[in-house]
Each structure stands twice: as C-alpha cells, then as structure tokens.
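Student: Quick one: the structure is below, questions incoming.
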Amino acid sequence: MADPNRSRVDRLARLPGLLAERILVLDGAMGTMLQREALTEADYRGEQFAAHDRDLRGNHDLLALTRPDVIRRIHAEYLAAGADIVETNSFTATRIAQAEYGTADAAAAINRAAAAVARAACDDVESADRPRFVAGVIGPTSRTASISPSVDDPAYRNVTFAELVEAYGEAARSLLEGGADLLLVETIIDTLNAKAALYAIAEVFDNLGYRVPIMISGTITDRSGRLLSGQTAEAFWISVAHAQPLSIGLNCALGPDLLRQHVQDLSRTAAVSTSAHPNAGLPNDLGGYDLSPASMAEELGAWARDGLVNIVGGCCGTTPEHIAAIAAAVTGVRPREHPVLPAYTQLSGLEPFTVRPDSLFVNVGERTNVTGSRRFAKLILDNRFDDALEVARQQVDAGAQVLDVNFDEGLLDSEAAMTRFLRLIASEPAIARIPVMIDSSRWSVLEAGLKGLQGKGIVNSISLKEGEESFLAQARVVQRHGAAVVVMAFDEEGQADTAERKVDILARAYRMLVDE
C-alpha cells in the first residue's frame, strides 16, 4: 500500500539527497516563543474547552486547537529564519501527559491539528527547489518506565510498557494523519520510554502500510554525560539502532559547550545522520537562557566544520534569531559523512558492550538463574528479591559482562518475577551497567523481559521447534524490541543430535532471519 499523501512521498524522496548535499536546519523553541505572546487562560480554553473544570494555561499543545493562528505564525518565523524542518507543537500531546490537565481525550485531535498547522505554514513557503519538512514531535511523557517514582519501592512503576505503546501509537498515527513528513521521538530521558515509542511507531507503520523516516533525540541531563535513566550516549544509540532511524541526536538540558563531547560520541559510533538542537545555554536564576544567537552559531558552526552533524537547530531559549544565525553559520559547510563501521555484536546496559574479534570469551553471569543456582532460587521463592539482587551484584563484581536472568520455576509467577527483578536491576547502576540476557523456555516470560529492558539485551532463546511461522513471529517481536537473540538447534522434529542436523537447522534459521 502506497502512502496516500503524494506530496509527502515526493518531499521524502528528496530528503536523502538534501542530507548528502548540505546540513539541514531544524527550528527552535516553541515554548520560548509562546511565552512572548502573553497568552491568557481564555486563549488556551477557546470555545472547545470553555467549560473545562481545570486550569489550562500552560498546556501549550492545546493551542494547536484553540489558537492555531499563533502556532502558525511562530512556524512561519522559523521558516523565514531558514529552517528546513519545523517541529509540531505536540511535545506533551500523548494521552498520558494530557491526563494531567484532564484533556487526555483530546490527544489525537491535538496531534492532527499540530501537524496540519505546521504543514500549512510550510506550504506557504515551500518551493520546487526548497522543500520544507514537518517533524511530528513525540515527547517523553510525564512518566518513566525505567525509574521508580517511589523512594520506598524501586520496583514500582506508574506506567507500563503497554500503556506507553498505546499512547505513543495514538500520537504517531494522528501526527501522520495531520500531514507530518517525519516522526521525531525527542527529549528522551528514559530509553525504555523511547523503545516503547519506537515499538508503537512500527505497529502504526504496519497498520498503515507505509513508513516515514524517524528522528531520535536523547537528552543528556547533566555534566555526568548520561540520560536521566543512566545511559551513556553510545549505550543509548545501541539501544535504539534497531529502529533504523534517519538520524540520532541530542537535544535540551545543556548548552552547546557542554553537549559537544556527547554529540561527538554519537558522530563516531552511529552510521546514520546525527542531529543536535541544544538549549541556549544553561538556565539562569530566573529560568531564562542567556546564550546569544551569535555565540550559539559560533559553537554549532564549529561542530559543522569539524564534521560532527547533519542536522542542527535549537531547543529551550532559542528563537528565530538563533536559527537564522545557526543557518548562516552552517551554510556552505559539508555535512558529516557517515562512518563505515565493522559489523560487531553490540549490546548495552547503562554502558555499551561490543564483542570484537579480540574480545575472547564473553563472560555470562549464570547465578541469577533459578535453574542454575539453588541459593538464588531459594531467595526468589522466599520473596527475598533484595537479597537476590546481591547475587546479581556479585556476578558483576566478579567480571560478568552479561547477566543471565531466568525464573523458570513451577512455583513462581515467572512473568511477574522477571518484571520485578529487571526493575530492581534498573535501580542499581552498578548492576544495570551491563547487558541482560533474558533466559526462559516460555515465550510469555521472554516477552515480559523485553518490556523491561532499556538497553539492548539478549533473548535466550527461540527455535524452529514450533515451526517457521512461530519462529518468524517471535523473531520479529525480538527485533522490534531491539534485542539480540540466541537461536537453539531445535526444529519441528526435535533437538539436533548430530553435527549435520545442527548445521542444517541453524543454517535454515539464519537464512530466514537474514532474508525474511
């Protein structure tokens, strides 16, 4: 099925050539511009929400419905400043985030309207030789899948992977219905949230019968160089690379001076385009941003000349003046060339782990496995999960590079145990820094584990014992979660018992995984 929006197809056909030709410019902050408008509660309510029982001022995304003229004018200012890509005013337009204002049921309408008004602004200035693109923005929501909101219960979560997938799927579908050219999953502070968004987007593409490019942008929250959920920039990239995005980048939280090293890390490790839209410096005592357009353009211009970026723009505190200066600074500068990287196995916890030809044996810690450790099994059966977590810590301290986790015990609710233990691991950086191998003979347990990993882990295992259709279905789910996989030498006739049978089964599995 072809994309029904023919003009979108035509624009996107030109995008690879434009990225090879020059550095593209993203727009700047919407919130900063809206603060200049001195809008009132009545502006946010409009006619649609006149009788709403909660205050709505500050719910900027509603303005796509109630004051689209204001949003369109701001888009126009950024386009006039030289932006090639404008972001929709939909940063909090998920059902989860909008629930805080009592406007969850308006989420789909907000996304459609935000995309439509951005597209209209682009249509006003687009020409045959200068296409303009609408990036449908999907923000992080107000809840995190990897971080407990309770200091007393590190395994507690106030959102599930399934709830995130549902909310993100509604947003993505509505943005495309409104006319977005691209989807931008941005300001990622928890990679598991991002993986839920990417999972949802893949489902939306399946249902629509076409796909559009995806941009992914994480947020380094402080000088530690990590996302709020603890991942380094490189580990973050490894965790989301399965989505095959148009670009990977960083935005928000930091100014360009503090962000450069992390953009450089992505530039070195990602074989796709890189993007950056930093803040106009760190916030001052009044919550404002002081970095001038000239200073910001000088920094980003240097990034461009050093071959670090393909797409640049601005986040909090930036204005059309900033974008105009940045656009001028990168004009005529060759875009970054994608590195040619070896095809090594790459995994991640909070930190990256690459298996190279000189890596020798990979040490997999097997003691967090109820079938392999009587001590661990007893701790889990006695509901002593905190003590069981110490077993995991001992494995890492002893040199484990991957942690095998297995709860295949008849007296256990294995799915619940897997979910709880992975959440506890996520709360312990000393353990969570290495990748996890989810180990089970039951697909439901493996899938529960996949929904709890923000890094790129390993599924152990899948096989052909239930036939090709089941094998491929499970493999596609594993791939959609971004995990690696162990394939066992089983087929419809049982376990391979000779070298010849092993080779035949695994060659058949390999060809199916690679070709199909």
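Each chain of the structure tokens is named A, B, ... in the order shown, its residues numbered from 1; ligands are numbered from 1 in display order.
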Quick one: residues within 9 Å of stretch 43-53 of chain A, only C-alpha atoms, excluding same-chain residues fewer than 3 positions away - as a PyMOL selection string?
Tutor: chain A and resi 39-40+56-60+62-63+65-67+102-103
Student: Could you save the residues just selected, with N, CA and C atoms, as a tab-separated table (two decimals), in the first residue's frame?
Tutor:
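New file again16.tsv:
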```tsv
chain	number	residue	atom	x	y	z
A	39	LEU	N	-0.17	35.01	26.47
A	39	LEU	CA	-1.49	34.41	26.28
A	39	LEU	C	-2.21	34.26	27.62
A	40	THR	N	-3.52	34.29	27.57
A	40	THR	CA	-4.34	34.20	28.77
A	40	THR	C	-5.02	32.83	28.86
A	56	LEU	N	-6.06	25.55	32.29
A	56	LEU	CA	-5.38	25.01	31.11
A	56	LEU	C	-4.20	25.86	30.65
A	57	ARG	N	-4.05	27.02	31.25
A	57	ARG	CA	-2.94	27.89	30.85
A	57	ARG	C	-1.62	27.16	31.11
A	58	GLY	N	-0.76	27.15	30.13
A	58	GLY	CA	0.49	26.41	30.21
A	58	GLY	C	0.47	25.11	29.44
A	59	ASN	N	-0.73	24.65	29.07
A	59	ASN	CA	-0.83	23.45	28.23
A	59	ASN	C	-0.67	23.89	26.78
A	60	HIS	N	0.59	24.15	26.41
A	60	HIS	CA	0.87	24.79	25.12
A	60	HIS	C	0.33	24.00	23.93
A	62	LEU	N	-2.40	22.52	23.50
A	62	LEU	CA	-3.81	22.80	23.21
A	62	LEU	C	-3.98	23.94	22.21
A	63	LEU	N	-2.97	24.80	22.14
A	63	LEU	CA	-3.08	25.96	21.26
A	63	LEU	C	-3.18	25.58	19.79
A	65	LEU	N	-5.28	23.66	18.76
A	65	LEU	CA	-6.74	23.61	18.57
A	65	LEU	C	-7.39	24.97	18.82
A	66	THR	N	-6.90	25.69	19.85
A	66	THR	CA	-7.60	26.91	20.26
A	66	THR	C	-7.03	28.20	19.67
A	67	ARG	N	-5.72	28.23	19.38
A	67	ARG	CA	-5.10	29.40	18.75
A	67	ARG	C	-4.12	28.95	17.66
A	102	GLY	N	-6.53	16.90	32.42
A	102	GLY	CA	-7.89	16.41	32.19
A	102	GLY	C	-8.29	16.45	30.74
A	103	THR	N	-7.31	16.47	29.84
A	103	THR	CA	-7.60	16.60	28.40
A	103	THR	C	-7.07	15.40	27.62
```
Student: Write out as a PyMOL selection string each polymer residue whose atoms come within 7 Å of stretch 181-194 of chain A, counting only C-alpha atoms; drop sequence neighbours fewer than 5 positions from it.
Tutor: chain A and resi 8+133-140+144-146+212-219+227-229+236+251-252+453-454
Student: Per residue of stretch 407-442 of chain A within 12 Å of stretch 478-497 of chain A, which atom pair is closest and at what distance in Å (one decimal), using only C-alpha atoms, listed by chain and increasing number, as a tab-separated table?
Tutor:
```
residue	atom	partner	partner_atom	distance
A:Pro435	CA	A:Ala483	CA	10.2
A:Val436	CA	A:Ala483	CA	9.9
A:Met437	CA	A:Ala484	CA	9.0
A:Ile438	CA	A:Val485	CA	9.5
A:Asp439	CA	A:Val486	CA	9.7
A:Ser440	CA	A:Val486	CA	11.3
A:Ser441	CA	A:Met488	CA	10.8
```
Student: Determine, counting only C-alpha atoms, which protein, DNA and RNA residues have an atom within 8 Å of an atom of A:Ala121; residues of the same chain fewer than 6 positions away are not included. Present the result as a ChimeraX atom specification.
Tutor: /A:72-73,75-76
Student: Would you put the residues from that selection into a file with all heavy atoms, as a short mmCIF file (atom, residue, chain, number, x, y, z; two decimals), in the first residue's frame?
Tutor:
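Done, and the output landed in out-v9.cif:
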```cif
data_model
loop_
_atom_site.label_atom_id
_atom_site.label_comp_id
_atom_site.auth_asym_id
_atom_site.auth_seq_id
_atom_site.Cartn_x
_atom_site.Cartn_y
_atom_site.Cartn_z
N ARG A 72 0.87 28.90 13.91
CA ARG A 72 1.26 29.03 12.51
C ARG A 72 2.22 30.20 12.31
O ARG A 72 3.18 30.11 11.54
CB ARG A 72 0.02 29.19 11.64
CG ARG A 72 0.31 29.22 10.14
CD ARG A 72 -0.95 29.04 9.35
NE ARG A 72 -0.75 29.13 7.92
CZ ARG A 72 -1.67 28.83 7.00
NH1 ARG A 72 -2.87 28.39 7.40
NH2 ARG A 72 -1.42 28.95 5.72
N ARG A 73 1.97 31.29 13.01
CA ARG A 73 2.85 32.46 12.87
C ARG A 73 4.25 32.15 13.38
O ARG A 73 5.26 32.57 12.78
CB ARG A 73 2.25 33.64 13.64
CG ARG A 73 3.04 34.94 13.47
CD ARG A 73 2.33 36.14 14.07
NE ARG A 73 2.32 36.11 15.52
CZ ARG A 73 1.23 35.93 16.27
NH1 ARG A 73 0.05 35.75 15.71
NH2 ARG A 73 1.32 35.95 17.59
N HIS A 75 5.68 29.13 13.50
CA HIS A 75 6.29 28.28 12.47
C HIS A 75 6.81 29.13 11.31
O HIS A 75 7.92 28.89 10.80
CB HIS A 75 5.27 27.28 11.94
CG HIS A 75 4.95 26.14 12.86
ND1 HIS A 75 5.91 25.48 13.59
CD2 HIS A 75 3.76 25.53 13.15
CE1 HIS A 75 5.34 24.52 14.30
NE2 HIS A 75 4.04 24.53 14.05
N ALA A 76 6.02 30.11 10.89
CA ALA A 76 6.41 30.96 9.77
C ALA A 76 7.69 31.74 10.07
O ALA A 76 8.54 31.92 9.18
CB ALA A 76 5.27 31.92 9.42
#
```
Student: If you count only C-alpha atoms, which residues fall within 9 Å of A:Leu34, apart from same-chain ones fewer than 3 positions away, as a list in words?
Tutor: Ala29, Met30, Gly31, Glu37, Ala38, Leu39, His60, Val70, Ile71 and Ile74 of chain A
Student: Going by DSSP on the backbone, which bits of stretch 19-94 of chain A are strand (DSSP E or B)? Write them as JSON, numbers by chain, please.
Tutor: {"A": [24, 25, 26, 85, 86, 87]}
Student: What's around A:Asp129 at 12 Å? Count only C-alpha atoms, leave out sequence neighbours fewer than 4 positions away in its own chain, and write the answer as a PyMOL selection string.
Tutor: chain A and resi 11+14-15+18+84+125
Student: Assign secondary structure with DSSP using the backbone only, and return the residues of stretch 164-405 of chain A in helix (DSSP H, G or I) as a PyMOL selection string.
Tutor: chain A and resi 164-178+191-208+233-243+256-269+293-305+320-330+374-381+385-397
Student: If we count only C-alpha atoms, what is near A:Ser224 at a cut-off of 12 Å, once residues fewer than 6 positions away on the same chain are taken out, given as a list in words?
Tutor: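 Using only C-alpha atoms, the neighbours found are Gly230, Gln231, Thr232, Ala233, Leu254, Leu258, Leu259, Gln261 and His262 of chain A.
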Student: How about saving the chosen residues, C-alpha atoms kept, as a tab-separated table (two decimals), in the first residue's frame?
Tutor:
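Everything below was put into selection37.tsv:
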```
chain	number	residue	atom	x	y	z
A	230	GLY	CA	21.58	6.37	33.47
A	231	GLN	CA	22.66	5.50	29.93
A	232	THR	CA	25.66	6.99	28.17
A	233	ALA	CA	25.15	8.45	24.70
A	254	LEU	CA	22.59	21.53	28.11
A	258	LEU	CA	28.61	21.02	27.44
A	259	LEU	CA	26.91	18.95	24.76
A	261	GLN	CA	31.56	15.78	23.60
A	262	HIS	CA	28.41	13.68	23.60
```
Student: List the spatial neighbours of A:Trp237 as a list in words - criterion: any atom at most 9 Å away, only C-alpha atoms, same-chain residues fewer than 3 positions off excluded.
Tutor: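 Once the adjacent positions are removed, what remains is Gly218, Thr232, Ala233, Glu234, Val240, Ala241, Ile248, Gly249, Leu266, Thr269 and Ala270 of chain A.
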Student: May I ask for the distance between atom CA of A:Gln98 and atom CA of A:Thr318, given in Å to one decimal place?
Tutor: 24.8 Å
